[in-house]
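A.B. asks: Pasting work.txt here (compact mmCIF, C-alpha atoms and all ligand atoms):
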```
# COMPACT_ATOMS: atom_id res chain seq x y z
CA MET K 1 -37.91 -120.70 -128.10
CA LYS K 2 -36.07 -121.66 -124.93
CA LYS K 3 -35.10 -125.32 -124.82
CA LEU K 4 -35.10 -127.66 -121.84
CA ASN K 5 -32.86 -130.67 -122.30
CA VAL K 6 -34.05 -133.87 -120.68
CA GLY K 7 -31.89 -136.78 -119.55
CA ILE K 8 -33.79 -139.95 -118.69
CA VAL K 9 -32.65 -142.93 -116.61
CA GLY K 10 -34.66 -146.06 -117.47
CA TYR K 11 -35.98 -147.36 -120.75
CA LYS K 12 -38.68 -149.88 -119.90
CA PHE K 13 -42.39 -149.31 -119.17
CA MET K 14 -42.02 -145.88 -117.57
CA GLY K 15 -39.18 -144.88 -119.90
CA LYS K 16 -41.58 -145.41 -122.77
CA ALA K 17 -44.50 -143.58 -121.12
CA HIS K 18 -42.25 -140.62 -120.28
CA SER K 19 -40.56 -140.48 -123.70
CA ASN K 20 -43.95 -140.32 -125.36
CA ALA K 21 -44.98 -137.53 -122.98
CA TRP K 22 -41.87 -135.40 -123.58
CA ARG K 23 -42.48 -135.71 -127.34
CA ALA K 24 -46.24 -135.17 -127.35
CA ALA K 25 -46.51 -132.31 -124.84
CA PRO K 26 -45.25 -129.52 -127.16
CA LEU K 27 -47.25 -130.91 -130.09
CA PHE K 28 -50.57 -130.50 -128.29
CA PHE K 29 -49.95 -127.75 -125.70
CA ASP K 30 -48.40 -124.28 -125.89
CA LEU K 31 -45.30 -124.44 -123.76
CA ASP K 32 -42.88 -121.66 -122.88
CA ALA K 33 -39.97 -124.01 -123.49
CA GLN K 34 -39.37 -126.89 -125.83
CA PRO K 35 -38.39 -130.18 -124.13
CA VAL K 36 -35.55 -131.84 -126.00
CA LEU K 37 -35.00 -135.60 -125.65
CA LYS K 38 -31.28 -135.20 -125.11
CA VAL K 39 -29.81 -138.25 -123.35
CA ALA K 40 -31.11 -141.71 -122.43
CA CYS K 41 -29.29 -143.77 -119.87
CA GLY K 42 -29.47 -147.47 -119.00
CA ARG K 43 -27.46 -150.61 -118.32
CA ASN K 44 -28.01 -152.78 -121.38
CA GLN K 45 -26.44 -150.83 -124.23
CA GLU K 46 -28.12 -152.78 -127.00
CA SER K 47 -31.63 -152.29 -125.61
CA LEU K 48 -30.85 -148.70 -124.70
CA LYS K 49 -29.70 -147.89 -128.24
CA LYS K 50 -32.87 -149.40 -129.70
CA PHE K 51 -34.98 -147.40 -127.24
CA ALA K 52 -33.10 -144.14 -127.92
CA ASP K 53 -33.34 -144.54 -131.71
CA HIS K 54 -37.02 -145.38 -131.51
CA TRP K 55 -38.04 -142.43 -129.34
CA GLY K 56 -35.51 -139.95 -130.73
CA TRP K 57 -33.17 -139.51 -127.77
CA GLU K 58 -30.10 -137.75 -129.22
CA HIS K 59 -27.44 -139.47 -127.11
CA THR K 60 -27.02 -142.49 -124.87
CA GLU K 61 -25.00 -142.79 -121.70
CA LYS K 62 -24.15 -145.90 -119.70
CA ASP K 63 -23.30 -144.23 -116.41
CA TRP K 64 -26.14 -142.20 -114.86
CA LYS K 65 -23.65 -140.15 -112.81
CA LYS K 66 -22.07 -138.91 -116.01
CA MET K 67 -25.45 -138.18 -117.53
CA VAL K 68 -26.67 -136.23 -114.52
CA ARG K 69 -23.56 -134.03 -114.57
CA ARG K 70 -23.71 -133.20 -118.28
CA ASP K 71 -23.92 -129.48 -119.04
CA ASP K 72 -26.45 -130.15 -121.77
CA VAL K 73 -28.98 -131.68 -119.35
CA ASP K 74 -31.48 -129.40 -117.54
CA ILE K 75 -34.03 -131.97 -116.34
CA VAL K 76 -33.33 -135.41 -114.93
CA ASP K 77 -36.18 -137.84 -115.50
CA ILE K 78 -35.92 -140.77 -113.07
CA SER K 79 -37.82 -143.63 -114.68
CA ALA K 80 -35.68 -146.31 -113.03
CA PRO K 81 -36.72 -148.69 -110.21
CA GLN K 82 -37.22 -147.34 -106.68
CA HIS K 83 -33.84 -148.26 -105.23
CA LEU K 84 -32.13 -145.82 -107.61
CA HIS K 85 -34.35 -142.78 -107.02
CA TYR K 86 -32.54 -141.48 -103.94
CA GLU K 87 -28.99 -141.71 -105.29
CA ILE K 88 -29.84 -140.28 -108.70
CA ALA K 89 -31.96 -137.49 -107.23
CA LEU K 90 -29.26 -136.39 -104.78
CA GLU K 91 -26.67 -136.29 -107.54
CA ALA K 92 -29.07 -134.39 -109.81
CA ILE K 93 -29.90 -131.88 -107.08
CA ALA K 94 -26.19 -131.31 -106.41
CA ALA K 95 -25.76 -130.60 -110.13
CA GLY K 96 -28.69 -128.13 -110.00
CA LYS K 97 -30.99 -130.14 -112.28
CA HIS K 98 -34.78 -130.14 -112.13
CA ILE K 99 -36.22 -133.55 -111.29
CA PHE K 100 -39.16 -135.46 -112.71
CA CYS K 101 -39.22 -138.65 -110.61
CA GLU K 102 -41.33 -141.79 -110.84
CA LYS K 103 -43.25 -142.93 -107.75
CA PRO K 104 -42.90 -143.90 -105.02
CA LEU K 105 -40.41 -141.14 -104.31
CA ALA K 106 -37.97 -143.30 -102.34
CA MET K 107 -37.37 -146.60 -100.59
CA ASN K 108 -38.31 -145.18 -97.19
CA LEU K 109 -39.26 -142.05 -95.30
CA ALA K 110 -35.73 -141.03 -94.33
CA GLN K 111 -34.60 -141.01 -97.96
CA ALA K 112 -37.70 -139.09 -99.06
CA ARG K 113 -37.14 -136.41 -96.41
CA GLU K 114 -33.53 -135.90 -97.44
CA MET K 115 -34.48 -135.66 -101.11
CA TYR K 116 -37.12 -133.05 -100.34
CA GLU K 117 -34.90 -130.95 -98.06
CA LYS K 118 -31.98 -130.94 -100.49
CA ALA K 119 -34.15 -130.15 -103.52
CA GLU K 120 -35.78 -127.24 -101.70
CA LYS K 121 -32.47 -125.88 -100.51
CA LYS K 122 -31.00 -126.00 -104.00
CA GLY K 123 -34.13 -124.39 -105.46
CA VAL K 124 -34.69 -126.92 -108.24
CA THR K 125 -38.15 -127.92 -109.46
CA HIS K 126 -39.09 -131.32 -108.04
CA TYR K 127 -41.98 -133.55 -109.00
CA VAL K 128 -43.05 -137.08 -108.09
CA ASN K 129 -45.11 -138.65 -110.84
CA HIS K 130 -48.55 -139.69 -109.70
CA ASN K 131 -50.02 -139.52 -113.16
CA TYR K 132 -53.59 -140.32 -112.10
CA ARG K 133 -53.98 -136.85 -110.56
CA ARG K 134 -53.85 -135.52 -114.10
CA CYS K 135 -56.74 -137.50 -115.46
CA PRO K 136 -59.50 -134.97 -116.40
CA ALA K 137 -62.19 -137.00 -114.58
CA VAL K 138 -60.09 -136.96 -111.40
CA ARG K 139 -59.67 -133.18 -111.79
CA LEU K 140 -63.44 -132.97 -112.05
CA ALA K 141 -63.74 -134.93 -108.78
CA LYS K 142 -61.44 -132.36 -107.17
CA LYS K 143 -63.50 -129.49 -108.56
CA LEU K 144 -66.77 -130.98 -107.27
CA ILE K 145 -65.22 -131.34 -103.81
CA ASP K 146 -63.71 -127.83 -103.84
CA ASP K 147 -67.04 -126.36 -105.06
CA GLY K 148 -68.76 -127.94 -102.04
CA LYS K 149 -70.86 -130.36 -104.13
CA ILE K 150 -69.86 -133.34 -101.97
CA GLY K 151 -70.14 -131.47 -98.68
CA ARG K 152 -68.32 -132.82 -95.67
CA VAL K 153 -66.38 -135.91 -96.70
CA PHE K 154 -67.08 -138.97 -94.55
CA HIS K 155 -65.43 -141.79 -96.47
CA TRP K 156 -62.68 -142.64 -98.91
CA ARG K 157 -62.76 -146.17 -100.30
CA GLY K 158 -59.84 -147.01 -102.59
CA ALA K 159 -58.71 -150.18 -104.32
CA TYR K 160 -55.73 -150.74 -106.59
CA LEU K 161 -55.82 -154.35 -107.71
CA GLN K 162 -53.72 -156.28 -110.21
CA SER K 163 -53.07 -159.97 -110.92
CA TRP K 164 -49.74 -160.29 -112.73
CA ILE K 165 -48.04 -162.41 -110.04
CA VAL K 166 -50.85 -164.79 -109.08
CA ASP K 167 -48.96 -167.60 -110.86
CA PRO K 168 -46.41 -168.92 -108.30
CA ASN K 169 -44.03 -169.48 -111.20
CA PHE K 170 -43.97 -165.82 -112.12
CA PRO K 171 -40.28 -165.05 -111.51
CA LEU K 172 -38.69 -163.05 -108.76
CA THR K 173 -38.39 -159.74 -110.65
CA TRP K 174 -37.05 -156.64 -108.86
CA HIS K 175 -40.59 -155.67 -107.84
CA LEU K 176 -40.65 -158.66 -105.44
CA GLN K 177 -37.37 -157.90 -103.71
CA LYS K 178 -37.24 -155.41 -100.86
CA ARG K 179 -33.72 -154.24 -101.69
CA PHE K 180 -34.90 -152.99 -105.10
CA ALA K 181 -38.55 -152.11 -104.52
CA GLY K 182 -38.63 -151.09 -100.83
CA SER K 183 -42.03 -152.75 -100.48
CA GLY K 184 -44.65 -154.56 -102.57
CA PRO K 185 -48.06 -153.18 -103.53
CA GLN K 186 -47.93 -150.84 -100.53
CA GLY K 187 -45.32 -148.70 -102.31
CA ASP K 188 -46.23 -149.58 -105.87
CA LEU K 189 -50.02 -149.34 -105.77
CA ASN K 190 -51.22 -147.90 -102.46
CA SER K 191 -48.82 -145.01 -103.13
CA HIS K 192 -51.08 -143.97 -106.03
CA SER K 193 -54.24 -144.34 -103.94
CA VAL K 194 -52.70 -142.48 -101.01
CA ASP K 195 -51.69 -139.66 -103.35
CA LEU K 196 -55.22 -139.46 -104.74
CA ALA K 197 -56.73 -139.56 -101.26
CA ARG K 198 -54.43 -136.78 -100.01
CA TYR K 199 -55.30 -134.73 -103.12
CA LEU K 200 -59.04 -135.22 -102.78
CA VAL K 201 -59.70 -135.72 -99.07
CA GLY K 202 -56.65 -134.41 -97.20
CA ASP K 203 -53.93 -135.43 -94.79
CA VAL K 204 -54.00 -138.55 -92.67
CA ARG K 205 -53.74 -138.82 -88.88
CA THR K 206 -53.82 -142.56 -88.02
CA VAL K 207 -53.03 -145.72 -89.94
CA ALA K 208 -53.75 -149.42 -89.40
CA CYS K 209 -52.66 -152.03 -91.89
CA MET K 210 -52.47 -155.75 -92.63
CA THR K 211 -50.25 -157.35 -95.22
CA ALA K 212 -49.98 -160.88 -96.62
CA ARG K 213 -47.36 -162.83 -98.55
CA PHE K 214 -49.07 -165.64 -100.42
CA VAL K 215 -46.04 -166.97 -102.30
CA LYS K 216 -42.80 -167.14 -100.34
CA GLU K 217 -40.35 -168.28 -103.05
CA ARG K 218 -40.21 -167.81 -106.79
CA PRO K 219 -37.95 -168.88 -109.65
CA LEU K 220 -35.12 -166.50 -110.42
CA PRO K 221 -35.87 -164.36 -113.48
CA ASP K 222 -34.35 -164.23 -116.91
CA GLU K 223 -33.65 -160.51 -116.49
CA ALA K 224 -33.59 -159.67 -120.19
CA ALA K 225 -37.04 -161.19 -120.73
CA SER K 226 -38.68 -159.93 -117.54
CA GLY K 227 -40.22 -156.65 -116.48
CA THR K 228 -43.38 -155.18 -115.04
CA PHE K 229 -46.39 -157.36 -115.92
CA ASN K 230 -44.28 -159.97 -117.71
CA GLY K 231 -41.69 -162.44 -116.58
CA LYS K 232 -39.69 -165.44 -117.70
CA SER K 233 -37.77 -167.62 -115.28
CA ALA K 234 -34.09 -168.38 -115.83
CA GLY K 235 -34.25 -172.00 -114.67
CA VAL K 236 -35.27 -173.97 -111.62
CA ALA K 237 -33.33 -172.03 -108.96
CA LYS K 238 -35.55 -170.09 -106.60
CA GLY K 239 -35.19 -167.05 -104.35
CA ALA K 240 -37.18 -165.60 -101.45
CA VAL K 241 -39.93 -163.04 -101.99
CA THR K 242 -39.09 -160.24 -99.56
CA VAL K 243 -42.05 -157.88 -100.01
CA GLU K 244 -45.76 -158.24 -99.25
CA ASP K 245 -48.17 -159.48 -101.93
CA ALA K 246 -51.11 -157.47 -100.62
CA ALA K 247 -51.53 -154.52 -98.23
CA PHE K 248 -54.91 -153.49 -96.84
CA MET K 249 -54.97 -150.27 -94.86
CA THR K 250 -57.53 -148.23 -92.95
CA VAL K 251 -56.93 -144.60 -92.02
CA GLU K 252 -58.44 -141.68 -90.20
CA PHE K 253 -57.98 -138.39 -92.04
CA VAL K 254 -57.17 -135.17 -90.18
CA ASN K 255 -60.64 -133.86 -91.13
CA GLY K 256 -62.25 -136.85 -89.38
CA ALA K 257 -63.12 -138.87 -92.50
CA LEU K 258 -62.42 -142.61 -92.50
CA GLY K 259 -60.69 -144.30 -95.40
CA SER K 260 -59.80 -147.77 -96.62
CA PHE K 261 -57.15 -148.80 -99.14
CA GLU K 262 -56.81 -152.22 -100.77
CA ALA K 263 -53.66 -152.98 -102.78
CA SER K 264 -52.98 -156.42 -104.19
CA ARG K 265 -51.31 -158.17 -107.10
CA PHE K 266 -53.40 -161.27 -106.36
CA ALA K 267 -56.79 -160.15 -107.65
CA LEU K 268 -57.41 -162.46 -110.57
CA GLY K 269 -59.25 -160.69 -113.38
CA ARG K 270 -58.07 -157.29 -112.24
CA LYS K 271 -55.34 -156.09 -114.59
CA ASN K 272 -54.88 -152.51 -113.46
CA TYR K 273 -57.97 -151.75 -111.41
CA ASN K 274 -57.52 -148.32 -109.85
CA TYR K 275 -60.80 -147.43 -108.24
CA PHE K 276 -62.06 -145.01 -105.60
CA GLU K 277 -65.26 -143.82 -104.01
CA ILE K 278 -65.80 -140.69 -101.92
CA TYR K 279 -68.92 -140.27 -99.82
CA GLY K 280 -69.94 -136.89 -98.39
CA SER K 281 -72.85 -135.11 -96.72
CA LYS K 282 -74.15 -133.70 -100.02
CA GLY K 283 -72.96 -136.09 -102.69
CA SER K 284 -70.76 -139.00 -103.67
CA ILE K 285 -68.19 -139.71 -106.37
CA LEU K 286 -66.97 -142.93 -108.00
CA PHE K 287 -63.95 -143.26 -110.31
CA ASP K 288 -62.70 -146.34 -112.15
CA LEU K 289 -59.51 -146.10 -114.21
CA GLU K 290 -60.85 -148.68 -116.64
CA ARG K 291 -63.56 -146.07 -117.49
CA MET K 292 -61.16 -143.17 -117.03
CA ASN K 293 -63.07 -140.63 -119.11
CA GLU K 294 -66.05 -140.95 -116.79
CA LEU K 295 -66.89 -139.80 -113.28
CA LYS K 296 -69.96 -141.03 -111.46
CA PHE K 297 -71.60 -138.38 -109.31
CA PHE K 298 -74.51 -138.76 -106.94
CA ASP K 299 -76.10 -135.43 -106.02
CA GLY K 300 -77.96 -135.72 -102.70
CA GLY K 301 -79.87 -132.54 -103.67
CA ASP K 302 -81.64 -134.22 -106.59
CA PRO K 303 -85.41 -134.80 -106.08
CA ALA K 304 -86.20 -138.23 -104.62
CA ASP K 305 -87.74 -139.47 -107.88
CA ALA K 306 -84.63 -138.57 -109.88
CA GLN K 307 -81.92 -139.74 -107.55
CA GLY K 308 -79.13 -141.97 -108.74
CA PHE K 309 -75.51 -141.86 -109.84
CA ARG K 310 -75.09 -139.93 -113.07
CA THR K 311 -72.18 -140.64 -115.39
CA ILE K 312 -70.35 -137.52 -116.47
CA ILE K 313 -68.16 -138.02 -119.54
CA ALA K 314 -65.29 -135.61 -118.95
CA THR K 315 -64.52 -134.94 -122.62
CA GLU K 316 -65.89 -131.40 -122.96
CA GLY K 317 -63.30 -128.68 -123.48
CA VAL K 318 -64.25 -127.18 -120.10
CA HIS K 319 -62.41 -129.98 -118.29
CA ASP K 320 -58.74 -129.56 -117.43
CA TYR K 321 -56.39 -130.35 -120.35
CA VAL K 322 -59.18 -131.61 -122.63
CA ALA K 323 -59.45 -128.64 -125.03
CA ASN K 324 -55.93 -129.40 -126.25
CA TRP K 325 -56.92 -132.87 -127.45
CA TRP K 326 -60.00 -133.87 -129.40
CA PRO K 327 -63.62 -132.70 -129.87
CA PRO K 328 -66.16 -133.73 -127.16
CA GLY K 329 -66.77 -137.46 -126.89
CA HIS K 330 -63.36 -138.34 -128.31
CA ILE K 331 -61.86 -140.05 -125.34
CA ILE K 332 -58.29 -139.99 -124.08
CA GLY K 333 -56.17 -142.69 -122.39
CA TYR K 334 -53.51 -143.64 -119.87
CA GLU K 335 -50.62 -142.01 -121.75
CA HIS K 336 -52.34 -138.60 -121.77
CA GLU K 337 -51.92 -138.30 -117.99
CA PHE K 338 -48.14 -138.40 -118.46
CA VAL K 339 -48.36 -135.71 -121.14
CA HIS K 340 -50.33 -133.52 -118.74
CA ALA K 341 -47.68 -134.06 -116.09
CA VAL K 342 -44.94 -132.96 -118.49
CA VAL K 343 -46.97 -129.89 -119.50
CA ASP K 344 -47.36 -128.80 -115.87
CA PHE K 345 -43.76 -129.64 -115.08
CA VAL K 346 -42.41 -127.50 -117.94
CA LYS K 347 -44.72 -124.66 -116.83
CA ALA K 348 -43.41 -124.93 -113.28
CA VAL K 349 -39.78 -124.88 -114.44
CA CYS K 350 -40.38 -121.86 -116.71
CA SER K 351 -42.39 -119.88 -114.16
CA LYS K 352 -40.27 -121.01 -111.19
CA THR K 353 -43.43 -122.08 -109.39
CA LYS K 354 -44.20 -125.32 -107.57
CA ILE K 355 -45.88 -128.30 -109.14
CA GLU K 356 -47.84 -130.91 -107.17
CA PRO K 357 -47.31 -133.63 -106.21
CA ASN K 358 -43.74 -132.62 -105.40
CA PHE K 359 -41.14 -134.12 -103.08
CA HIS K 360 -43.01 -132.68 -100.10
CA ASP K 361 -46.07 -134.68 -101.15
CA GLY K 362 -43.73 -137.63 -101.67
CA VAL K 363 -42.67 -137.32 -98.03
CA LYS K 364 -46.25 -137.05 -96.73
CA GLU K 365 -47.22 -140.09 -98.79
CA MET K 366 -44.20 -142.03 -97.57
CA GLU K 367 -45.14 -141.21 -93.95
CA ILE K 368 -48.47 -142.95 -94.50
CA LEU K 369 -47.03 -145.92 -96.40
CA ASP K 370 -44.24 -146.44 -93.86
CA ALA K 371 -46.74 -146.17 -91.00
CA GLY K 372 -48.84 -148.81 -92.75
CA LEU K 373 -45.93 -151.24 -92.95
CA ARG K 374 -45.04 -150.58 -89.30
CA SER K 375 -48.63 -151.17 -88.29
CA ALA K 376 -48.72 -154.46 -90.23
CA LYS K 377 -45.57 -155.59 -88.42
CA SER K 378 -46.62 -154.56 -84.93
CA GLY K 379 -50.34 -155.22 -85.21
CA LYS K 380 -50.91 -151.74 -83.76
CA VAL K 381 -52.48 -148.54 -85.01
CA VAL K 382 -49.85 -145.90 -85.84
CA VAL K 383 -50.51 -142.24 -85.09
CA LEU K 384 -48.59 -139.91 -87.43
CA GLY K 385 -46.42 -137.34 -85.66
C1 LIG K 401 -47.03 -151.98 -111.76
O1 LIG K 401 -47.75 -152.39 -110.67
C2 LIG K 401 -47.44 -150.61 -112.27
O2 LIG K 401 -46.71 -150.41 -113.43
C3 LIG K 401 -47.13 -149.47 -111.32
O3 LIG K 401 -45.77 -149.40 -111.00
C4 LIG K 401 -47.62 -148.17 -111.91
O4 LIG K 401 -47.35 -147.08 -111.08
C5 LIG K 401 -49.12 -148.30 -112.17
O5 LIG K 401 -49.61 -147.10 -112.66
C6 LIG K 401 -49.39 -149.42 -113.10
O6 LIG K 401 -48.84 -150.61 -112.56
```
Turn the structure described in the file into C-alpha cells.

C.D. replies:
Amino acid sequence: MKKLNVGIVGYKFMGKAHSNAWRAAPLFFDLDAQPVLKVACGRNQESLKKFADHWGWEHTEKDWKKMVRRDDVDIVDISAPQHLHYEIALEAIAAGKHIFCEKPLAMNLAQAREMYEKAEKKGVTHYVNHNYRRCPAVRLAKKLIDDGKIGRVFHWRGAYLQSWIVDPNFPLTWHLQKRFAGSGPQGDLNSHSVDLARYLVGDVRTVACMTARFVKERPLPDEAASGTFNGKSAGVAKGAVTVEDAAFMTVEFVNGALGSFEASRFALGRKNYNYFEIYGSKGSILFDLERMNELKFFDGGDPADAQGFRTIIATEGVHDYVANWWPPGHIIGYEHEFVHAVVDFVKAVCSKTKIEPNFHDGVKEMEILDAGLRSAKSGKVVVLG
C-alpha cells in the first residue's frame, strides 16, 4: 500500500490529538494510503523525544525548516501556535508538501490570503482543522438543512465559552499575547463557531462586534509547566495581556439570516462549551458539544399535540463515519473528530480532490474574524467586500 509520511510541528495538546488521529485512522477506516508518523519537530528536545517515543514518531527534528524540506515527508501537520502557521505553511508549500493545519489558519487576513493563493498555485492539498465539522451529529445537522427540514434559516445562535483564565493569576501564556496568538477568543473560539456557521448557514455579509479585556496584566509563565488550560507562573513579574478576553459578535448572513456569536474564556463553569442553535421556517436544531452524540431537532410539521424538541442520538451506522466505530448506542468522543479529519484528508490527497474546510475557507473565516476585531475597535458595523 502507498505510504504517506507525516511530519508534525508541535507536541502539546494538538500534537497529541493529531498523533492519535494519524495512528487510529487506518485502524478503523479503509484508506488508500497508510499514514506514517515519520518526523516530530519541536523546541524542547527532551519533551519532544518523550512525545515521539510515546506516539511512535520515527524521527525527531529540532528545526522545522529542515523537517519541512525532508524528502521523506509528504504531509506537514502544523500543530504549533498561530504565529508559526504562516511561515511553516509557506515553506511547506514551496517544498510541495500537503498541509494539515490547525486553526485559525493565520494571524490575520493578509497572511491567510497568501497561504491560500500559494497553496492553490502549487497544487498541494490544504486543510484547516475545524474538527467540529466532523462530528456525526453536526453532519446530521447539515443533512437536515440540505434536505430542507429546517426550511429557510432565520437565526444562528452560537456560543463557545470556557473559563480557564478567570483567575487573574493564571499566567501570561502565549494564548494571551497578540504576537503569538493574533487575537484572543475571537481567533481561538469564534473561529470554530464561524466555521460551523459558514458550513451550516452560509457566508456572512456584515459584522458588528464588542470585545472586553477583564484582566490587563498577568504573571509571566513558567513555560515548561504551562500550556492550554493549565498554567504556572514563573514568579512575581507581570506582563501585559494584549488580546481580548471575550468577543461577542452579531452578523447578517448573505441569505438574510441573523446570527450571534459569543466567545469568552471568562464563563465560570463552562469548560469547553461549544453550543449552537439554528432556527428556520420549518424546524430548529440545537447542538451542544458536551452532549456531542446528540442533536436536538424540532420539526414544525409535527402535530400540535406532539410538538417538542426530539433528541436524536447519532450513533446509528447511517450517520457519517459512525459505521466504522462501534454498534449503535456506543458513543464516540472529541478525539474521533480528528480521526475523521485525517481520513478525509488522506482521501483528498490520494484522489487529488479538495477537502473542506481548506485554506479558502480559512480566508473567508478570517475575513469575518478580522472584521469583528475592526468593528470592536471602531464601534462601527463592517460590511464585507
Ligand atoms: C483552547 O481554547 C482550545 O484548545 C482551542 O484552541 C481549541 O481549538 C478548542 O477546540 C478547545 O479549546

A.B. asks: Can you tell me which residues come within 10 Å of ligand LIG 401 (chain K) when counting all atoms listed in the file, ideally as a ChimeraX atom specification?

C.D. replies: /K:13-14,81-82,102-104,129-132,160-164,175,184-185,187-192,227-229,263-265,271-274,334

A.B. asks: Could you give me, as CSV, a per-residue list for segment 61-97 of chain K showing, wherever an atom lies at most 10 Å from an atom of segment 15-34 of chain K, the closest pair of atoms and their distance in Å to one decimal, using all atoms listed in the file and sorting by chain then residue number from low to high?

C.D. replies:
```
residue,atom,partner,partner_atom,distance
K:Asp77,CA,K:His18,CA,8.2
K:Ile78,CA,K:Gly15,CA,8.6
K:Ser79,CA,K:Gly15,CA,5.5
K:Ala80,CA,K:Gly15,CA,7.8
```

A.B. asks: How many Å separate atom CA of Asn169 of chain K from atom CA of Pro219 of chain K?

C.D. replies: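 These two atoms are separated by 6.3 Å.
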
A.B. asks: Point out the residue among K:Asn358, K:Gln177, K:Thr353, K:Thr250 with the least atom-to-atom distance to Ala159 of chain K, counting all atoms listed in the file.

C.D. replies: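 Of all the options, K:Thr250 lies closest to Ala159 of chain K.
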
A.B. asks: Just checking: using only C-alpha atoms, which residue out of K:Gly182, K:Gly269, K:Gly301, K:Gly329 ends up closest to Ser281 of chain K?

C.D. replies: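 Ranking K:Gly182, K:Gly269, K:Gly301, K:Gly329 by distance to Ser281 of chain K, first place goes to K:Gly301.
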
A.B. asks: Counting all atoms listed in the file, figure out which residue out of K:Glu277, K:Glu120, K:Asp63, K:Glu365 gets nearest to Arg157 of chain K.

C.D. replies: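 Result for the nearest residue to Arg157 of chain K: K:Glu277.
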
A.B. asks: For His85 of chain K, which residue among K:Gly317, K:Pro221, K:Gly362, K:Pro357 is the nearest when counting all atoms listed in the file?

C.D. replies: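 Of all the options, K:Gly362 lies closest to His85 of chain K.
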
A.B. asks: To one decimal place, how far is atom CA of Arg198 of chain K from atom CA of Glu117 of chain K in Å?

C.D. replies: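 So the answer is 20.5 Å.
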
A.B. asks: Taking (-30.5, -152.0, -116.0) as a centre in this file's frame and 12 Å as the limit, can you find every polymer residue with an atom that close, using all atoms listed in the file, and give them as number ranges by chain?

C.D. replies: K: 9-12, 15, 41-48, 62-64, 79-81, 83-84, 174, 180, 223-224, 226-227

A.B. asks: What does the distance from atom CA of Cys209 of chain K to atom CA of Met107 of chain K come to in Å, to one decimal?

C.D. replies: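 Distance between the two atoms: 18.4 Å.
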
A.B. asks: Could you check which of K:Ile165, K:Val124, K:Val363, K:Val194 is closest to Gln111 of chain K, using only C-alpha atoms?

C.D. replies: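 Looking only at the distances to Gln111 of chain K, the closest residue turns out to be K:Val363.
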
A.B. asks: Env of Asp74 of chain K: 12 Å cut, atoms = all atoms listed in the file, seq-sep filter 4 positions within chain, self excluded. Answer as a count of residues only.

C.D. replies: 31

A.B. asks: Could you check which of K:Ala306, K:Leu286, K:Val342, K:Leu384 is closest to Ala141 of chain K, using all atoms listed in the file?

C.D. replies: K:Leu286
